[in-house]
file final39.csv (CSV, C-alpha atoms)
chain,number,residue,atom,x,y,z
A,142,MET,CA,-70.3,-39.8,-31.4
A,143,ALA,CA,-70.4,-41.3,-27.9
A,144,THR,CA,-71.4,-38.9,-25.1
A,145,ARG,CA,-68.5,-39.7,-22.9
A,146,PRO,CA,-65.6,-38.2,-24.9
A,147,ALA,CA,-67.8,-35.3,-25.8
A,148,ARG,CA,-68.5,-34.6,-22.1
A,149,ARG,CA,-64.9,-34.9,-21.2
A,150,SER,CA,-63.8,-32.5,-23.8
A,151,LEU,CA,-66.5,-30.0,-22.6
A,152,ALA,CA,-65.0,-30.2,-19.1
A,153,GLU,CA,-61.5,-29.7,-20.5
A,154,ARG,CA,-62.7,-26.7,-22.5
A,155,TRP,CA,-64.4,-24.9,-19.6
A,156,LEU,CA,-62.1,-26.0,-16.8
A,157,PRO,CA,-58.7,-26.6,-18.3
A,158,HIS,CA,-57.0,-26.2,-15.0
A,159,PRO,CA,-59.3,-27.0,-12.1
A,160,LEU,CA,-56.6,-26.4,-9.4
A,161,LEU,CA,-55.8,-23.0,-10.9
A,162,THR,CA,-59.6,-22.2,-10.8
A,163,VAL,CA,-59.7,-23.1,-7.1
A,164,VAL,CA,-56.6,-21.1,-6.3
A,165,LEU,CA,-57.9,-18.0,-8.1
A,166,ILE,CA,-61.3,-18.1,-6.4
A,167,LEU,CA,-59.5,-18.5,-3.0
A,168,LEU,CA,-57.1,-15.7,-3.8
A,169,TRP,CA,-60.0,-13.4,-4.8
A,170,MET,CA,-61.8,-14.1,-1.6
A,171,LEU,CA,-58.7,-13.5,0.4
A,172,LEU,CA,-58.1,-10.2,-1.4
A,173,LEU,CA,-61.7,-9.1,-0.6
A,174,ASN,CA,-61.0,-10.0,3.1
A,175,SER,CA,-64.7,-10.7,3.7
A,176,PHE,CA,-67.2,-13.3,2.4
A,177,THR,CA,-70.0,-11.9,0.2
A,178,VAL,CA,-72.0,-13.7,-2.4
A,179,GLY,CA,-71.3,-11.0,-5.0
A,180,GLY,CA,-67.6,-11.3,-4.3
A,181,PHE,CA,-67.8,-15.1,-4.7
A,182,VAL,CA,-69.6,-14.7,-8.1
A,183,VAL,CA,-66.9,-12.4,-9.4
A,184,GLY,CA,-64.2,-14.7,-8.0
A,185,ALA,CA,-65.8,-17.7,-9.7
A,186,PHE,CA,-66.1,-15.7,-13.0
A,187,LEU,CA,-62.4,-14.9,-12.8
A,188,GLY,CA,-61.5,-18.4,-11.8
A,189,ILE,CA,-63.2,-19.8,-14.9
A,190,VAL,CA,-62.2,-17.1,-17.4
A,191,ILE,CA,-58.5,-16.7,-16.5
A,192,PRO,CA,-57.6,-20.5,-16.9
A,193,ILE,CA,-59.4,-20.6,-20.2
A,194,MET,CA,-57.5,-17.5,-21.5
A,195,THR,CA,-54.2,-18.6,-20.2
A,196,SER,CA,-54.5,-22.4,-20.9
A,197,SER,CA,-52.0,-22.3,-23.7
A,198,PHE,CA,-49.3,-21.0,-21.3
A,199,TRP,CA,-49.8,-24.1,-19.1
A,200,PRO,CA,-48.6,-26.9,-21.4
A,201,GLY,CA,-47.8,-29.5,-18.8
A,202,ARG,CA,-49.8,-29.9,-15.6
A,203,PRO,CA,-47.9,-32.2,-13.4
A,204,PRO,CA,-50.3,-34.2,-11.3
A,205,ILE,CA,-49.7,-33.7,-7.6
A,206,ARG,CA,-50.0,-37.1,-5.8
A,207,ALA,CA,-50.0,-36.5,-2.1
A,208,TYR,CA,-51.6,-33.4,-0.7
A,209,ARG,CA,-50.8,-34.4,2.8
A,210,LYS,CA,-47.2,-34.5,1.9
A,211,VAL,CA,-47.5,-31.1,0.3
A,212,PHE,CA,-48.7,-29.8,3.7
A,213,ALA,CA,-46.0,-31.6,5.6
A,214,PHE,CA,-43.4,-30.1,3.2
A,215,LEU,CA,-44.8,-26.6,3.7
A,216,LEU,CA,-44.6,-27.0,7.5
A,217,LEU,CA,-41.0,-28.2,7.2
A,218,VAL,CA,-40.0,-25.3,5.0
A,219,ALA,CA,-41.8,-22.8,7.3
A,220,TRP,CA,-39.8,-24.1,10.2
A,221,ASP,CA,-36.5,-24.1,8.2
A,222,VAL,CA,-37.2,-20.5,7.2
A,223,ILE,CA,-37.3,-19.4,10.8
A,224,VAL,CA,-34.1,-21.4,11.6
A,225,ALA,CA,-32.5,-19.9,8.5
A,226,ASN,CA,-33.3,-16.4,9.6
A,227,VAL,CA,-31.8,-16.9,13.0
A,228,GLN,CA,-28.7,-18.5,11.5
A,229,VAL,CA,-28.1,-15.9,8.9
A,230,ALA,CA,-28.7,-13.1,11.4
A,231,TRP,CA,-26.2,-14.7,13.7
A,232,LEU,CA,-23.6,-15.0,10.9
A,233,ILE,CA,-24.1,-11.3,10.0
A,234,LEU,CA,-23.9,-10.0,13.5
A,235,PHE,CA,-21.2,-12.2,15.1
A,236,ARG,CA,-18.9,-13.5,12.4
A,237,ARG,CA,-16.2,-11.5,10.8
A,238,PRO,CA,-16.9,-11.5,7.0
A,239,GLU,CA,-13.4,-12.8,6.3
A,240,ASP,CA,-14.2,-15.9,8.3
A,241,LEU,CA,-17.2,-16.9,6.4
A,242,ARG,CA,-16.5,-20.0,4.3
A,243,MET,CA,-18.4,-19.0,1.2
A,244,ARG,CA,-18.5,-21.4,-1.7
A,245,TRP,CA,-20.4,-22.5,-4.8
A,246,VAL,CA,-21.7,-26.0,-4.8
A,247,THR,CA,-23.3,-28.1,-7.6
A,248,LEU,CA,-26.5,-29.9,-6.8
A,249,PRO,CA,-27.1,-32.7,-9.2
A,250,LEU,CA,-30.9,-32.9,-9.8
A,251,GLU,CA,-33.0,-36.1,-9.8
A,252,LEU,CA,-36.2,-34.1,-10.3
A,253,GLU,CA,-37.2,-33.7,-13.9
A,254,SER,CA,-40.4,-31.6,-14.1
A,255,PRO,CA,-39.7,-27.8,-14.4
A,256,GLU,CA,-42.3,-27.2,-11.7
A,257,ALA,CA,-40.6,-29.4,-9.1
A,258,ILE,CA,-37.2,-27.9,-9.9
A,259,THR,CA,-38.7,-24.4,-9.5
A,260,VAL,CA,-40.1,-25.3,-6.1
A,261,LEU,CA,-36.8,-26.8,-5.1
A,262,ALA,CA,-34.8,-23.8,-6.2
A,263,GLY,CA,-37.2,-21.5,-4.3
A,264,THR,CA,-36.9,-23.6,-1.2
A,265,ILE,CA,-33.1,-23.6,-1.3
A,266,THR,CA,-33.1,-19.8,-1.6
A,267,MET,CA,-35.4,-19.4,1.4
A,268,THR,CA,-33.5,-21.9,3.7
A,269,PRO,CA,-30.3,-21.8,5.7
A,270,GLY,CA,-27.4,-20.0,4.1
A,271,THR,CA,-28.0,-21.0,0.5
A,272,VAL,CA,-29.1,-19.2,-2.6
A,273,SER,CA,-29.8,-21.0,-5.8
A,274,SER,CA,-28.1,-19.0,-8.6
A,275,ASP,CA,-28.2,-20.9,-11.9
A,276,LEU,CA,-29.4,-24.0,-13.6
A,277,SER,CA,-27.2,-26.1,-15.9
A,278,ALA,CA,-28.1,-25.7,-19.6
A,279,ASP,CA,-29.6,-29.1,-19.7
A,280,GLY,CA,-31.6,-28.7,-16.5
A,281,ARG,CA,-29.9,-31.5,-14.6
A,282,ALA,CA,-27.9,-29.5,-12.0
A,283,LEU,CA,-28.5,-26.5,-9.8
A,284,LEU,CA,-25.8,-24.0,-8.9
A,285,VAL,CA,-26.1,-23.0,-5.2
A,286,HIS,CA,-24.1,-20.4,-3.4
A,287,CYS,CA,-23.5,-21.2,0.3
A,288,LEU,CA,-22.8,-18.4,2.8
A,289,ASP,CA,-21.0,-20.6,5.3
A,290,ALA,CA,-20.4,-24.2,4.3
A,291,PRO,CA,-17.3,-25.8,5.8
A,292,ASP,CA,-18.2,-29.0,4.0
A,293,ALA,CA,-19.6,-28.8,0.5
A,294,GLU,CA,-20.6,-32.5,0.3
A,295,ALA,CA,-22.5,-32.3,3.6
A,296,ALA,CA,-24.4,-29.2,2.3
A,297,VAL,CA,-25.4,-31.0,-0.9
A,298,ARG,CA,-26.4,-34.1,1.0
A,299,THR,CA,-28.7,-32.1,3.3
A,300,MET,CA,-30.4,-30.4,0.4
A,301,LYS,CA,-30.9,-33.7,-1.4
A,302,THR,CA,-32.3,-35.6,1.6
A,303,ARG,CA,-34.3,-32.8,3.2
A,304,TYR,CA,-36.0,-31.2,0.2
A,305,GLU,CA,-35.4,-33.1,-3.0
A,306,ALA,CA,-36.4,-36.5,-1.6
A,307,ARG,CA,-39.7,-35.1,-0.3
A,308,LEU,CA,-40.4,-33.2,-3.6
A,309,LYS,CA,-39.8,-36.4,-5.5
A,310,GLU,CA,-42.7,-38.0,-3.6
A,311,ILE,CA,-44.9,-35.0,-4.3
A,312,PHE,CA,-44.1,-34.6,-8.0
A,313,PRO,CA,-44.0,-38.1,-9.5
B,296,MET,CA,-55.6,-11.0,29.1
B,297,ASN,CA,-55.6,-7.9,27.0
B,298,LEU,CA,-52.2,-7.0,28.5
B,299,ILE,CA,-50.8,-10.4,27.5
B,300,VAL,CA,-52.0,-10.0,23.9
B,301,GLU,CA,-50.5,-6.5,23.7
B,302,PHE,CA,-47.3,-7.9,25.1
B,303,VAL,CA,-47.2,-10.6,22.4
B,304,ILE,CA,-48.0,-8.2,19.6
B,305,SER,CA,-45.3,-5.7,20.6
B,306,THR,CA,-42.8,-8.5,21.1
B,307,LEU,CA,-43.5,-9.7,17.5
B,308,ILE,CA,-43.2,-6.2,16.1
B,309,VAL,CA,-39.9,-5.6,17.9
B,310,LEU,CA,-38.6,-9.0,16.8
B,311,GLY,CA,-39.6,-8.4,13.2
B,312,GLY,CA,-37.9,-5.0,13.4
B,313,ILE,CA,-34.7,-6.5,14.7
B,314,PHE,CA,-34.6,-9.1,11.9
B,315,ALA,CA,-35.3,-6.4,9.2
B,316,LEU,CA,-32.5,-4.3,10.7
B,317,VAL,CA,-30.1,-7.2,10.8
B,318,GLY,CA,-30.9,-8.0,7.1
B,319,SER,CA,-30.1,-4.4,6.1
B,320,TRP,CA,-27.0,-4.4,8.2
B,321,GLY,CA,-25.9,-7.6,6.4
B,322,LEU,CA,-26.3,-5.8,3.1
B,323,LEU,CA,-23.7,-3.2,4.3
B,324,ARG,CA,-21.4,-5.6,6.1
B,325,LEU,CA,-21.0,-8.6,3.9
B,326,PRO,CA,-18.1,-8.5,1.4
B,327,ASP,CA,-19.5,-9.2,-2.1
B,328,LEU,CA,-22.7,-9.4,-4.0
B,329,MET,CA,-23.3,-13.1,-3.7
B,330,ALA,CA,-22.9,-12.9,0.1
B,331,ARG,CA,-25.1,-9.8,0.3
B,332,LEU,CA,-27.8,-11.6,-1.5
B,333,HIS,CA,-28.2,-13.9,1.5
B,334,ALA,CA,-29.2,-11.1,3.9
B,335,PRO,CA,-32.3,-9.8,2.2
B,336,THR,CA,-33.6,-13.2,1.1
B,337,LYS,CA,-33.6,-14.6,4.6
B,338,ALA,CA,-33.3,-12.2,7.5
B,339,THR,CA,-35.9,-9.9,6.0
B,340,THR,CA,-38.6,-12.6,5.5
B,341,LEU,CA,-38.8,-13.1,9.2
B,342,GLY,CA,-38.8,-9.3,9.7
B,343,VAL,CA,-41.8,-9.0,7.5
B,344,GLY,CA,-43.3,-12.2,8.8
B,345,GLY,CA,-43.2,-11.0,12.4
B,346,ALA,CA,-44.9,-7.7,11.5
B,347,LEU,CA,-47.6,-9.6,9.6
B,348,ILE,CA,-48.3,-12.1,12.4
B,349,ALA,CA,-48.5,-9.1,14.8
B,350,SER,CA,-51.0,-7.4,12.4
B,351,MET,CA,-53.2,-10.5,12.2
B,352,LEU,CA,-53.1,-10.9,16.0
B,353,TYR,CA,-54.0,-7.2,16.5
B,354,PHE,CA,-57.0,-7.4,14.2
B,355,LEU,CA,-58.1,-10.7,15.8
B,356,ALA,CA,-57.8,-9.7,19.4
B,357,VAL,CA,-58.3,-5.9,19.5
B,358,GLU,CA,-60.6,-5.2,16.6
B,359,GLY,CA,-62.3,-8.6,16.7
B,360,THR,CA,-62.1,-9.2,12.9
B,361,LEU,CA,-60.2,-11.9,11.1
B,362,SER,CA,-57.7,-10.3,8.6
B,363,ILE,CA,-56.3,-12.6,6.0
B,364,HIS,CA,-54.5,-10.1,3.7
B,365,GLU,CA,-51.4,-10.9,5.7
B,366,ILE,CA,-51.4,-14.5,4.5
B,367,LEU,CA,-51.5,-13.3,0.9
B,368,ILE,CA,-48.6,-10.9,1.5
B,369,THR,CA,-46.6,-13.8,3.0
B,370,ALA,CA,-47.5,-16.0,0.0
B,371,PHE,CA,-46.5,-13.4,-2.6
B,372,LEU,CA,-43.3,-12.6,-0.6
B,373,PHE,CA,-42.3,-16.3,-0.7
B,374,LEU,CA,-43.1,-16.5,-4.4
B,375,THR,CA,-41.1,-13.3,-5.4
B,376,ALA,CA,-38.1,-13.3,-3.1
B,377,PRO,CA,-36.4,-16.5,-4.5
B,378,ILE,CA,-37.1,-15.5,-8.1
B,379,THR,CA,-35.6,-12.0,-7.6
B,380,ALA,CA,-32.6,-13.5,-5.9
B,381,HIS,CA,-32.1,-16.0,-8.7
B,382,PHE,CA,-32.2,-13.2,-11.3
B,383,ILE,CA,-29.9,-11.0,-9.4
B,384,ALA,CA,-27.4,-13.9,-9.1
B,385,LYS,CA,-27.7,-14.7,-12.8
B,386,ALA,CA,-27.2,-11.0,-13.8
B,387,HIS,CA,-24.2,-10.9,-11.6
B,388,LEU,CA,-22.7,-14.0,-13.2
B,389,HIS,CA,-23.6,-12.6,-16.7
B,390,GLY,CA,-21.9,-9.3,-15.9
B,391,GLN,CA,-18.7,-11.0,-15.0
B,392,PRO,CA,-17.8,-13.5,-17.7
B,393,GLU,CA,-14.5,-14.3,-15.9
B,394,SER,CA,-16.6,-15.6,-13.0
B,395,VAL,CA,-17.3,-18.8,-14.8
B,396,ARG,CA,-13.9,-20.1,-13.8
B,397,ALA,CA,-14.8,-19.7,-10.1
B,398,LEU,CA,-17.9,-21.9,-10.6
B,399,PRO,CA,-17.8,-25.7,-9.9
B,400,PRO,CA,-18.4,-27.9,-12.9
B,401,THR,CA,-22.0,-28.9,-13.6
B,402,GLY,CA,-21.1,-32.6,-13.7
B,403,GLN,CA,-23.4,-32.8,-16.8
B,404,SER,CA,-22.7,-32.7,-20.5
B,405,ARG,CA,-23.7,-29.0,-20.5
B,406,GLY,CA,-22.4,-26.0,-18.7
B,407,TRP,CA,-24.3,-23.5,-16.6
B,408,SER,CA,-27.2,-21.9,-18.5
B,409,THR,CA,-25.8,-18.4,-18.2
B,410,PHE,CA,-22.7,-19.4,-20.2
B,411,ASP,CA,-23.9,-22.3,-22.3
B,412,THR,CA,-26.7,-23.1,-24.7
B,413,PRO,CA,-29.3,-25.8,-24.1
B,414,PRO,CA,-28.9,-29.2,-25.7
B,415,PRO,CA,-30.1,-29.3,-29.3
B,416,GLU,CA,-33.8,-30.1,-29.8
B,417,PRO,CA,-33.6,-33.8,-30.9
B,418,ALA,CA,-31.7,-34.6,-27.7
B,419,ALA,CA,-34.3,-32.8,-25.7
B,420,GLU,CA,-37.0,-35.1,-27.1
B,421,ASP,CA,-35.2,-38.2,-26.0
B,422,SER,CA,-35.0,-37.0,-22.5
B,423,PRO,CA,-37.7,-37.9,-19.9
B,424,ALA,CA,-38.4,-34.1,-19.4
B,425,GLU,CA,-40.2,-34.3,-22.7
B,426,ASP,CA,-43.6,-34.8,-21.2
B,427,SER,CA,-43.5,-31.6,-19.2
B,428,GLN,CA,-42.3,-29.5,-22.1
B,429,ARG,CA,-45.1,-30.4,-24.4

call {"tool": "encode", "arguments": {"input": "final39.csv", "output": "structure tokens"}}
result
Amino acid sequence: MATRPARRSLAERWLPHPLLTVVLILLWMLLLNSFTVGGFVVGAFLGIVIPIMTSSFWPGRPPIRAYRKVFAFLLLVAWDVIVANVQVAWLILFRRPEDLRMRWVTLPLELESPEAITVLAGTITMTPGTVSSDLSADGRALLVHCLDAPDAEAAVRTMKTRYEARLKEIFP
Amino acid sequence: MNLIVEFVISTLIVLGGIFALVGSWGLLRLPDLMARLHAPTKATTLGVGGALIASMLYFLAVEGTLSIHEILITAFLFLTAPITAHFIAKAHLHGQPESVRALPPTGQSRGWSTFDTPPPEPAAEDSPAEDSQR
């Protein structure tokens, strides 16, 4: 047998999910709240063992293409969360509940990977006046509840251009 | 200098408190469950966020240590809040079967997953989502 495939399968066996390993080590160090060598060793141990033990639960690992775009997306969402908070607080305090134009809207999805749809649904829930409530049975549309949407089409357009288009670049 | 830091920290705490209060007030004031769901998923995140940033600033400026637990709390909050809201919404729809008539059509061949079954397996294998399901 050639050495190359053997080496690759070794790496696959011991590091089935490198990103998860990094995240786990980072998470462990953050939990410790201080940097010690002993803590790092335990973190590295957990970071290697947990992905191996759970690798069968991670069938598809969508490759993330653009990490810079991930960062830009996170910043955009953080800003939108702040705006969303102020908007919803304003609606709660100063609008009579009868005057709220609540409605359901259907958001047709272009994203296909479950991970990307999960991120989109979470983002929609955290941002202005919208909560994602259900997915169509074939996974091609998202049911979104709007707290105050005078124009359903405009709301859908905003969600598609602001979040889905960016996620489509991140998740190929 | 110290006064400025204390001022900023107390402002953040008060702001966070106000947003948390408004979120809870929204729970009482809004008319039905779906509307009430908006208040805790949003207004409260900034409430907690303000308190967490104030906490980080306090440890950085007053105690002189960098505390990063707050970042973890934020991350976990952002992971759990949308999922909780999604499940509450689904349970609400599920508990009221007549509510399906109030929902907009999916625009797809299948209905909403709370009320409809997923497409049969062979059809799923033809779809481009196949890769991610394997």

call {"tool": "atom_distance", "arguments": {"input": "final39.csv", "atom1": "atom CA of Thr195 of chain A", "atom2": "atom CA of Leu161 of chain A"}}
result
10.4 Å

call {"tool": "closest_atom_pairs", "arguments": {"input": "final39.csv", "of": "chain A", "to": "chain B", "cutoff": "6 Å", "atoms": "only C-alpha atoms", "output": "JSON lines"}}
result
{"residue": "A:Pro200", "atom": "CA", "partner": "B:Arg429", "partner_atom": "CA", "distance": 5.8}
{"residue": "A:Gly201", "atom": "CA", "partner": "B:Ser427", "partner_atom": "CA", "distance": 4.8}
{"residue": "A:Asn226", "atom": "CA", "partner": "B:Ala338", "partner_atom": "CA", "distance": 4.7}
{"residue": "A:Ile233", "atom": "CA", "partner": "B:Gly321", "partner_atom": "CA", "distance": 5.5}
{"residue": "A:Pro238", "atom": "CA", "partner": "B:Leu325", "partner_atom": "CA", "distance": 5.9}
{"residue": "A:Glu253", "atom": "CA", "partner": "B:Ala424", "partner_atom": "CA", "distance": 5.6}
{"residue": "A:Ser254", "atom": "CA", "partner": "B:Ser427", "partner_atom": "CA", "distance": 6.0}
{"residue": "A:Gly263", "atom": "CA", "partner": "B:Pro377", "partner_atom": "CA", "distance": 5.1}
{"residue": "A:Thr266", "atom": "CA", "partner": "B:Pro377", "partner_atom": "CA", "distance": 5.5}
{"residue": "A:Ser274", "atom": "CA", "partner": "B:His381", "partner_atom": "CA", "distance": 5.0}
{"residue": "A:Leu276", "atom": "CA", "partner": "B:Ser408", "partner_atom": "CA", "distance": 5.8}
{"residue": "A:Ser277", "atom": "CA", "partner": "B:Trp407", "partner_atom": "CA", "distance": 4.0}
{"residue": "A:Ala278", "atom": "CA", "partner": "B:Ser408", "partner_atom": "CA", "distance": 4.1}
{"residue": "A:Asp279", "atom": "CA", "partner": "B:Pro413", "partner_atom": "CA", "distance": 5.5}

call {"tool": "atom_distance", "arguments": {"input": "final39.csv", "atom1": "atom CA of Ala290 of chain A", "atom2": "atom CA of Phe312 of chain A"}}
result
28.7 Å

call {"tool": "residues_around", "arguments": {"input": "final39.csv", "residues": "Pro249 of chain A", "least_positions_apart": "3", "cutoff": "7 Å", "atoms": "all atoms listed in the file", "output": "NGL selection string"}}
result
:A and (281-283)

call {"tool": "write_last_selection", "arguments": {"input": "final39.csv", "atoms": "C-alpha atoms", "output": "short mmCIF file (atom, residue, chain, number, x, y, z; two decimals), keeping the file's coordinate frame"}}
result
data_model
loop_
_atom_site.label_atom_id
_atom_site.label_comp_id
_atom_site.auth_asym_id
_atom_site.auth_seq_id
_atom_site.Cartn_x
_atom_site.Cartn_y
_atom_site.Cartn_z
CA ARG A 281 -29.90 -31.50 -14.60
CA ALA A 282 -27.90 -29.50 -12.00
CA LEU A 283 -28.50 -26.50 -9.80
#

call {"tool": "closest_residue", "arguments": {"input": "final39.csv", "among": "A:Gly184, A:Pro291, A:Pro192, A:Gly280", "to": "Ile166 of chain A", "atoms": "only C-alpha atoms"}}
result
A:Gly184

call {"tool": "atom_distance", "arguments": {"input": "final39.csv", "atom1": "atom CA of Lys309 of chain A", "atom2": "atom CA of Ile258 of chain A"}}
result
9.9 Å

call {"tool": "residues_near_point", "arguments": {"input": "final39.csv", "point": "(-45.9, -12.8, 21.5)", "cutoff": "12 Å", "atoms": "all atoms listed in the file", "output": "number ranges by chain"}}
result
B: 298-311, 345-346, 348-350, 352-353

call {"tool": "residues_around", "arguments": {"input": "final39.csv", "residues": "Cys287 of chain A", "least_positions_apart": "5", "cutoff": "8 Å", "atoms": "all atoms listed in the file", "output": "compact mmCIF listing (two decimals) with C-alpha atoms, in the coordinates of the input"}}
result
# COMPACT_ATOMS: atom_id res chain seq x y z
CA MET A 243 -18.40 -19.00 1.20
CA ARG A 244 -18.50 -21.40 -1.70
CA TRP A 245 -20.40 -22.50 -4.80
CA VAL A 246 -21.70 -26.00 -4.80
CA GLY A 270 -27.40 -20.00 4.10
CA THR A 271 -28.00 -21.00 0.50
CA VAL A 272 -29.10 -19.20 -2.60

call {"tool": "residues_around", "arguments": {"input": "final39.csv", "residues": "Leu165 of chain A", "least_positions_apart": "3", "cutoff": "6 Å", "atoms": "all atoms listed in the file", "output": "VMD selection string"}}
result
chain A and resid 162 168 188

call {"tool": "closest_residue", "arguments": {"input": "final39.csv", "among": "B:Val357, B:Leu372, B:Met351, B:Val343", "to": "Gly312 of chain B", "atoms": "all atoms listed in the file"}}
result
B:Val343
